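A.B. asks: Here you go, my_file.cif (mmCIF, C-alpha atoms):
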data_final
#
loop_
_atom_site.label_atom_id
_atom_site.label_comp_id
_atom_site.auth_asym_id
_atom_site.auth_seq_id
_atom_site.Cartn_x
_atom_site.Cartn_y
_atom_site.Cartn_z
CA MET A 793 2.03 3.62 9.21
CA ALA A 794 3.21 0.04 8.63
CA VAL A 795 2.86 -3.05 10.79
CA CYS A 796 5.72 -5.48 11.40
CA PRO A 797 5.02 -8.88 9.79
CA ASP A 798 4.91 -10.49 13.25
CA HIS A 799 2.41 -7.79 14.38
CA SER A 800 4.54 -6.83 17.39
CA MET A 801 5.58 -3.36 16.24
CA VAL A 802 4.21 -0.46 14.21
CA VAL A 803 6.25 2.26 12.56
CA SER A 804 4.70 5.65 11.87
CA GLY A 805 5.79 8.64 9.83
CA SER A 806 5.06 12.29 10.46
CA VAL A 807 4.69 15.60 8.66
CA ASP A 808 7.89 16.71 10.42
CA GLY A 809 9.90 14.07 8.52
CA ARG A 810 10.50 11.85 11.54
CA LEU A 811 9.64 8.19 12.12
CA ARG A 812 8.64 6.53 15.37
CA LEU A 813 8.49 2.88 16.41
CA TRP A 814 5.62 1.67 18.61
CA ASN A 815 5.09 -1.47 20.66
CA VAL A 816 1.59 -2.75 19.81
CA GLU A 817 1.01 -4.72 23.01
CA GLU A 818 2.23 -1.97 25.32
CA GLY A 819 0.83 0.88 23.22
CA GLY A 820 3.90 3.07 23.71
CA ALA A 821 6.74 4.53 21.66
CA VAL A 822 10.05 2.66 21.54
CA GLY A 823 13.10 4.90 21.83
CA ASP A 824 13.53 8.32 20.26
CA PRO A 825 12.17 9.48 16.88
CA TRP A 826 14.26 8.62 13.82
CA GLU A 827 15.48 11.62 11.88
CA GLY A 828 16.69 11.91 8.30
CA HIS A 829 13.97 13.08 5.91
CA SER A 830 13.74 16.80 5.21
CA ALA A 831 10.00 16.74 4.48
CA ARG A 832 6.90 14.79 5.51
CA VAL A 833 7.01 10.99 5.45
CA ARG A 834 4.49 9.64 2.94
CA CYS A 835 4.88 5.84 2.99
CA LEU A 836 6.44 3.01 4.99
CA ASP A 837 7.10 -0.69 4.51
CA TRP A 838 8.74 -3.48 6.51
CA SER A 839 11.01 -5.94 4.78
CA PRO A 840 9.70 -9.54 4.84
CA ASN A 841 12.44 -10.59 7.29
CA THR A 842 11.58 -7.61 9.60
CA ARG A 843 15.20 -6.42 9.58
CA GLU A 844 14.58 -3.25 7.59
CA ILE A 845 12.02 -0.49 7.19
CA ALA A 846 11.77 1.61 4.03
CA SER A 847 10.34 5.13 4.15
CA GLY A 848 9.37 7.42 1.29
CA SER A 849 8.98 11.16 1.59
CA HIS A 850 8.01 14.45 0.01
CA ASP A 851 11.77 15.07 -0.18
CA GLY A 852 11.88 12.53 -3.04
CA THR A 853 14.01 9.96 -1.23
CA ILE A 854 13.63 6.44 0.06
CA ARG A 855 15.54 5.71 3.25
CA ARG A 856 16.20 2.32 4.80
CA TRP A 857 16.29 1.93 8.58
CA ASN A 858 17.40 -0.65 11.11
CA PRO A 859 14.38 -1.01 13.43
CA ASN A 860 16.59 -2.12 16.31
CA THR A 861 18.72 1.03 16.27
CA GLY A 862 16.62 3.59 14.42
CA ARG A 863 19.60 4.36 12.20
CA GLN A 864 19.80 4.42 8.42
CA ILE A 865 21.56 1.40 6.98
CA ALA A 866 22.40 2.79 3.53
CA PRO A 867 22.61 6.13 1.72
CA PRO A 868 19.19 7.53 0.72
CA ILE A 869 17.86 6.65 -2.73
CA GLU A 870 17.14 9.73 -4.83
CA THR A 871 14.11 8.38 -6.62
CA GLY A 872 13.32 11.15 -9.09
CA HIS A 873 9.62 10.83 -8.26
CA GLY A 874 9.20 14.27 -6.74
CA VAL A 875 6.96 12.96 -3.98
CA VAL A 876 7.29 9.25 -3.12
CA TYR A 877 3.79 7.80 -2.67
CA ALA A 878 4.72 4.13 -2.14
CA ALA A 879 7.80 2.01 -1.49
CA LYS A 880 7.28 -1.75 -1.37
CA TYR A 881 9.81 -4.52 -0.71
CA SER A 882 9.67 -7.49 -3.05
CA PRO A 883 8.60 -10.81 -1.46
CA ARG A 884 12.24 -11.87 -1.06
CA GLY A 885 13.22 -8.46 0.26
CA ASP A 886 16.04 -8.09 -2.24
CA LYS A 887 14.36 -5.29 -4.24
CA CYS A 888 12.14 -2.30 -3.58
CA ALA A 889 9.54 -0.86 -5.96
CA SER A 890 8.61 2.80 -5.70
CA CYS A 891 6.17 5.20 -7.27
CA GLY A 892 5.14 8.80 -6.94
CA SER A 893 3.92 12.00 -8.47
CA ASP A 894 5.85 11.56 -11.73
CA SER A 895 3.74 8.58 -13.01
CA VAL A 896 6.78 6.25 -13.25
CA ILE A 897 7.35 3.03 -11.29
CA ARG A 898 10.97 2.30 -10.41
CA VAL A 899 12.52 -0.85 -9.00
CA TRP A 900 15.72 -0.65 -6.95
CA SER A 901 18.30 -3.17 -5.80
CA LYS A 902 19.25 -3.40 -2.12
CA ASP A 903 22.30 -1.23 -2.78
CA GLY A 904 20.12 1.50 -4.29
CA LYS A 905 20.85 0.77 -7.96
CA LEU A 906 18.01 1.46 -10.39
CA LEU A 907 17.04 -1.84 -12.03
CA ILE A 908 14.07 -0.89 -14.23
CA GLU A 909 11.65 1.91 -14.95
CA ILE A 910 8.02 1.12 -15.78
CA LYS A 911 6.13 3.74 -17.74
CA GLY A 912 2.54 3.78 -18.96
CA HIS A 913 0.32 5.50 -16.42
CA GLY A 914 -1.01 8.91 -17.39
CA ASN A 915 -0.93 10.40 -13.91
CA SER A 916 0.65 9.88 -10.49
CA VAL A 917 1.06 6.29 -9.30
CA ASN A 918 -0.35 6.11 -5.80
CA SER A 919 -0.14 2.50 -4.67
CA LEU A 920 1.83 -0.67 -5.46
CA CYS A 921 1.84 -4.34 -4.56
CA TRP A 922 3.88 -7.39 -5.64
CA SER A 923 2.64 -10.86 -6.47
CA LYS A 924 3.90 -13.48 -4.00
CA ASP A 925 6.38 -14.91 -6.50
CA GLY A 926 7.76 -11.46 -7.33
CA ALA A 927 6.97 -11.91 -11.02
CA TYR A 928 4.34 -9.17 -11.25
CA ILE A 929 3.75 -5.66 -9.95
CA PHE A 930 0.30 -4.11 -9.62
CA SER A 931 -0.17 -0.34 -9.60
CA GLY A 932 -3.03 2.07 -8.92
CA SER A 933 -2.97 5.55 -10.38
CA GLY A 934 -4.44 9.01 -10.59
CA ASP A 935 -5.40 8.11 -14.16
CA MET A 936 -8.18 5.98 -12.58
CA THR A 937 -6.69 2.67 -13.74
CA ILE A 938 -5.08 -0.34 -12.10
CA ARG A 939 -2.36 -2.07 -14.08
CA LYS A 940 -0.50 -5.37 -13.92
CA TRP A 941 3.11 -5.44 -15.12
CA GLN A 942 5.54 -8.25 -15.70
CA PHE A 943 8.57 -7.51 -13.54
CA ILE A 944 11.22 -9.17 -15.78
CA ASP A 945 11.70 -6.06 -17.90
CA GLY A 946 8.84 -3.86 -16.76
CA LYS A 947 7.85 -3.23 -20.37
CA GLU A 948 5.10 -5.79 -20.74
CA LEU A 949 1.75 -4.41 -19.61
CA LEU A 950 -0.44 -7.44 -19.02
CA VAL A 951 -3.73 -6.00 -17.79
CA VAL A 952 -5.49 -2.64 -17.41
CA LEU A 953 -8.46 -2.62 -15.00
CA ARG A 954 -10.94 0.19 -15.57
CA GLY A 955 -14.03 1.06 -13.60
CA HIS A 956 -13.16 3.70 -11.02
CA THR A 957 -14.29 7.22 -11.88
CA ASN A 958 -11.67 9.04 -9.83
CA ILE A 959 -8.14 8.59 -8.47
CA VAL A 960 -7.18 5.08 -7.33
CA THR A 961 -5.66 5.65 -3.91
CA SER A 962 -4.87 2.17 -2.59
CA ILE A 963 -4.70 -1.44 -3.79
CA CYS A 964 -4.24 -4.82 -2.07
CA LEU A 965 -3.95 -8.40 -3.30
CA SER A 966 -6.00 -11.07 -1.56
CA PRO A 967 -3.83 -13.71 0.18
CA ASN A 968 -4.75 -16.34 -2.42
CA GLU A 969 -4.12 -13.80 -5.22
CA CYS A 970 -7.47 -14.56 -6.83
CA HIS A 971 -8.70 -11.01 -6.28
CA LEU A 972 -7.33 -7.51 -6.19
CA VAL A 973 -9.10 -4.89 -4.08
CA SER A 974 -8.92 -1.18 -4.84
CA ALA A 975 -10.00 2.03 -3.12
CA SER A 976 -10.66 5.33 -4.83
CA SER A 977 -11.58 8.97 -4.43
CA ASP A 978 -14.86 8.00 -6.13
CA TYR A 979 -15.99 6.83 -2.63
CA SER A 980 -15.84 3.15 -3.56
CA VAL A 981 -13.99 -0.07 -2.82
CA ARG A 982 -14.00 -2.50 -5.73
CA ILE A 983 -13.07 -6.17 -6.02
CA TRP A 984 -11.48 -7.51 -9.20
CA ASP A 985 -11.29 -11.14 -10.37
CA LEU A 986 -7.74 -11.65 -11.63
CA LYS A 987 -8.72 -14.61 -13.80
CA THR A 988 -11.32 -12.69 -15.78
CA ASN A 989 -9.88 -9.20 -15.09
CA GLN A 990 -13.40 -8.02 -14.37
CA GLN A 991 -14.99 -6.33 -11.39
CA VAL A 992 -17.03 -8.74 -9.24
CA GLY A 993 -19.88 -7.75 -6.97
CA HIS A 994 -21.06 -4.19 -6.57
CA PRO A 995 -18.88 -1.29 -5.35
CA LEU A 996 -18.64 -1.00 -1.56
CA LEU A 997 -19.44 2.59 -0.75
CA HIS A 998 -18.23 5.15 1.78
CA ASP A 999 -19.62 8.66 2.15
CA ASP A 1000 -16.41 10.37 1.02
CA GLU A 1001 -13.05 9.69 -0.63
CA LEU A 1002 -11.22 6.47 0.28
CA LEU A 1003 -7.65 6.64 1.56
CA ALA A 1004 -6.68 3.18 2.82
CA LEU A 1005 -7.27 -0.56 2.48
CA ALA A 1006 -6.25 -3.68 4.36
CA ILE A 1007 -6.86 -7.41 3.99
CA PRO A 1008 -5.99 -9.75 6.89
CA SER A 1009 -4.02 -12.94 6.30
CA ASP A 1010 -7.14 -15.14 6.25
CA GLY A 1011 -8.58 -13.08 3.39
CA ARG A 1012 -12.11 -13.09 4.85
CA TYR A 1013 -12.51 -9.35 5.30
CA ILE A 1014 -11.62 -6.03 3.72
CA THR A 1015 -10.96 -3.02 5.93
CA SER A 1016 -11.37 0.42 4.39
CA ALA A 1017 -10.99 3.97 5.70
CA GLY A 1018 -11.56 7.39 4.21
CA LYS A 1019 -12.29 11.06 4.63
CA ASP A 1020 -15.74 10.28 6.04
CA THR A 1021 -13.86 9.48 9.31
CA LYS A 1022 -15.22 5.94 9.30
CA VAL A 1023 -13.49 2.58 9.20
CA TYR A 1024 -15.53 -0.25 7.69
CA VAL A 1025 -14.93 -3.98 7.73
CA TRP A 1026 -16.53 -5.85 4.83
CA SER A 1027 -17.19 -9.56 4.42
CA VAL A 1028 -15.48 -10.70 1.21
CA GLU A 1029 -17.82 -13.67 0.83
CA ALA A 1030 -20.88 -11.45 1.09
CA ALA A 1031 -19.35 -8.74 -1.11
CA LEU A 1032 -18.94 -11.19 -3.96
CA LYS A 1033 -22.67 -12.01 -3.78
CA GLN A 1034 -24.45 -8.81 -2.82
CA SER A 1035 -24.00 -5.09 -2.33
CA GLY A 1036 -24.48 -2.22 0.05
CA ASN A 1037 -24.68 -2.25 3.83
CA GLN A 1038 -25.52 -5.96 3.90
CA VAL A 1039 -21.84 -6.83 3.51
CA ARG A 1040 -20.75 -4.46 6.25
CA VAL A 1041 -19.58 -6.31 9.34
CA ARG A 1042 -18.89 -3.37 11.61
CA ALA A 1043 -18.92 0.37 10.98
CA TYR A 1044 -16.65 1.73 13.68
CA ILE A 1045 -13.73 -0.26 15.07
CA ALA A 1046 -10.67 0.60 17.11
CA VAL A 1047 -7.61 1.52 15.09
CA VAL A 1048 -5.46 -0.68 17.34
CA HIS A 1049 -7.53 -3.68 16.23
CA ILE A 1050 -6.85 -2.91 12.58
CA ILE A 1051 -3.14 -2.30 12.79
CA SER A 1052 -2.52 -5.36 14.92
CA ASN A 1053 -4.30 -7.72 12.51
CA SER A 1054 -4.00 -6.15 9.07
CA PRO A 1055 -0.36 -5.76 7.99
CA CYS A 1056 -1.14 -3.98 4.73
CA MET A 1057 -3.20 -1.16 6.27
CA ALA A 1058 -1.72 2.19 5.27
CA THR A 1059 -3.02 5.65 4.59
CA HIS A 1060 -2.51 7.66 1.45
CA SER A 1061 -3.93 10.86 0.05
CA PRO A 1062 -2.60 12.16 -3.28
CA THR A 1063 -3.91 15.62 -2.40
CA GLY A 1064 -1.82 15.72 0.76
CA SER A 1065 -4.79 15.92 3.11
#
Rewrite the structure from the file as structure tokens, please.
C.D. replies:
Amino acid sequence: MAVCPDHSMVVSGSVDGRLRLWNVEEGGAVGDPWEGHSARVRCLDWSPNTREIASGSHDGTIRRWNPNTGRQIAPPIETGHGVVYAAKYSPRGDKCASCGSDSVIRVWSKDGKLLIEIKGHGNSVNSLCWSKDGAYIFSGSGDMTIRKWQFIDGKELLVVLRGHTNIVTSICLSPNECHLVSASSDYSVRIWDLKTNQQVGHPLLHDDELLALAIPSDGRYITSAGKDTKVYVWSVEAALKQSGNQVRVRAYIAVVHIISNSPCMATHSPTGS
């Protein structure tokens, strides 16, 4: 699922290939399901101006939707990924970066033209995020690394972050862009200092594989969810100083609370579970 930047709406995708729009305050569906994908919907993203929604699917396409009408606003983009694991609008909303099971990152113009291909990961690329200025793209992969790329040509690999011992499933930038947070199938959430490119604090541990991350706009907390059926909220300040359950703020919280306050919360499982 993906939350509208103004937190008023949520869009969800289903295994039947359909999308649905939900009103957060009322807790109900808005209109009929949106149809177009021929396989399960894997990822969703709102454009910064809230006028578009991008969806990626097991059918290998990215589709762009008008949230007011539920209709597609352009022909589908045939990405070449196989399965599309992430589709992320650039900060200006004029481009969209995608990744998937083929280990390649691709950046597309608004009219669906391929701008660049970024190669270097040794396995599927599962998660993406842009820097606020649109100059850099961060990626998390099945090769257990996180990488920072310069967008200009996509060929300059600036940083490789290593530490996870299994698939990196989700990544998020902190609002001040001082830290990057990652989740992995190794049961851990890790925080990385982007000045030193080193992990800070100890890993924050779940009891099973991690699937999703979110950081609210104030940057004070990290929300994580995984196969252990638990959602944890962690204090960033405490996590940078100490480890374990001491940094846990709350173990079980309502999903509605998360999606209404954490716009980057999204689920992902490379294994399809």
A.B. asks: Which residues, written as a list of chain:residue names, have at least one atom at most 7 Å from Ala889 in chain A, with all atoms listed in the file counted and residues fewer than 3 positions away on the same chain left out?
C.D. replies: A:Ala879, A:Lys880, A:Tyr881, A:Ile897, A:Arg898, A:Val899, A:Trp900
A.B. asks: Using all atoms listed in the file, what does the table of range 862-913 of chain A residues within 12 Å of range 825-844 of chain A look like, with each row giving the shortest atom pair and its distance in Å to one decimal, sorted by chain and ascending number, as JSON lines?
C.D. replies:
{"residue": "A:Gly862", "atom": "CA", "partner": "A:Trp826", "partner_atom": "CA", "distance": 5.6}
{"residue": "A:Arg863", "atom": "CA", "partner": "A:Trp826", "partner_atom": "CA", "distance": 7.0}
{"residue": "A:Gln864", "atom": "CA", "partner": "A:Gly828", "partner_atom": "CA", "distance": 8.1}
{"residue": "A:Ile865", "atom": "CA", "partner": "A:Glu844", "partner_atom": "CA", "distance": 8.4}
{"residue": "A:Ala866", "atom": "CA", "partner": "A:Glu844", "partner_atom": "CA", "distance": 10.7}
{"residue": "A:Pro867", "atom": "CA", "partner": "A:Gly828", "partner_atom": "CA", "distance": 10.6}
{"residue": "A:Pro868", "atom": "CA", "partner": "A:Gly828", "partner_atom": "CA", "distance": 9.1}
{"residue": "A:Ile869", "atom": "CA", "partner": "A:His829", "partner_atom": "CA", "distance": 11.5}
{"residue": "A:Glu870", "atom": "CA", "partner": "A:His829", "partner_atom": "CA", "distance": 11.7}
{"residue": "A:Gly874", "atom": "CA", "partner": "A:Ala831", "partner_atom": "CA", "distance": 11.5}
{"residue": "A:Val875", "atom": "CA", "partner": "A:Arg834", "partner_atom": "CA", "distance": 8.1}
{"residue": "A:Val876", "atom": "CA", "partner": "A:Arg834", "partner_atom": "CA", "distance": 6.7}
{"residue": "A:Tyr877", "atom": "CA", "partner": "A:Arg834", "partner_atom": "CA", "distance": 5.9}
{"residue": "A:Ala878", "atom": "CA", "partner": "A:Cys835", "partner_atom": "CA", "distance": 5.4}
{"residue": "A:Ala879", "atom": "CA", "partner": "A:Cys835", "partner_atom": "CA", "distance": 6.6}
{"residue": "A:Lys880", "atom": "CA", "partner": "A:Asp837", "partner_atom": "CA", "distance": 6.0}
{"residue": "A:Tyr881", "atom": "CA", "partner": "A:Ser839", "partner_atom": "CA", "distance": 5.8}
{"residue": "A:Ser882", "atom": "CA", "partner": "A:Ser839", "partner_atom": "CA", "distance": 8.1}
{"residue": "A:Pro883", "atom": "CA", "partner": "A:Pro840", "partner_atom": "CA", "distance": 6.5}
{"residue": "A:Arg884", "atom": "CA", "partner": "A:Pro840", "partner_atom": "CA", "distance": 6.8}
{"residue": "A:Gly885", "atom": "CA", "partner": "A:Ser839", "partner_atom": "CA", "distance": 5.6}
{"residue": "A:Asp886", "atom": "CA", "partner": "A:Ser839", "partner_atom": "CA", "distance": 8.9}
{"residue": "A:Lys887", "atom": "CA", "partner": "A:Ser839", "partner_atom": "CA", "distance": 9.6}
{"residue": "A:Cys888", "atom": "CA", "partner": "A:Ser839", "partner_atom": "CA", "distance": 9.2}
{"residue": "A:Ala889", "atom": "CA", "partner": "A:Asp837", "partner_atom": "CA", "distance": 10.8}
{"residue": "A:Ser890", "atom": "CA", "partner": "A:Cys835", "partner_atom": "CA", "distance": 9.9}
{"residue": "A:Cys891", "atom": "CA", "partner": "A:Cys835", "partner_atom": "CA", "distance": 10.4}
{"residue": "A:Gly892", "atom": "CA", "partner": "A:Arg834", "partner_atom": "CA", "distance": 9.9}
{"residue": "A:Ser893", "atom": "CA", "partner": "A:Arg834", "partner_atom": "CA", "distance": 11.7}
{"residue": "A:Lys902", "atom": "CA", "partner": "A:Glu844", "partner_atom": "CA", "distance": 10.8}
A.B. asks: Write out as an mmCIF file with C-alpha atoms, in the coordinates of the input which residues come within 7 Å of Val803 in chain A when counting all atoms listed in the file, dropping same-chain ones fewer than 6 positions away.
C.D. replies:
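selection11.cif, written as the output of this step:
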data_model
loop_
_atom_site.group_PDB
_atom_site.id
_atom_site.type_symbol
_atom_site.label_atom_id
_atom_site.label_comp_id
_atom_site.auth_asym_id
_atom_site.auth_seq_id
_atom_site.Cartn_x
_atom_site.Cartn_y
_atom_site.Cartn_z
ATOM 1 C CA MET A 793 2.030 3.620 9.210
ATOM 2 C CA ALA A 794 3.210 0.040 8.630
ATOM 3 C CA VAL A 795 2.860 -3.050 10.790
ATOM 4 C CA LEU A 811 9.640 8.190 12.120
ATOM 5 C CA ARG A 812 8.640 6.530 15.370
ATOM 6 C CA LEU A 813 8.490 2.880 16.410
ATOM 7 C CA TRP A 814 5.620 1.670 18.610
#
A.B. asks: Run the PyMOL selection byres ((chain A and resi 914) around 9) mentally over the shown coordinates, then write out the matched residues as JSON, numbers by chain, using the chain letters and numbers from the document.
C.D. replies: {"A": [895, 911, 912, 913, 915, 916, 917, 933, 934, 935]}
A.B. asks: For CA of Ala975 in chain A and CA of Ser849 in chain A, quote the distance in Å rounded to one decimal.
C.D. replies: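 Going from CA of Ala975 in chain A over to CA of Ser849 in chain A, I get 21.6 Å.
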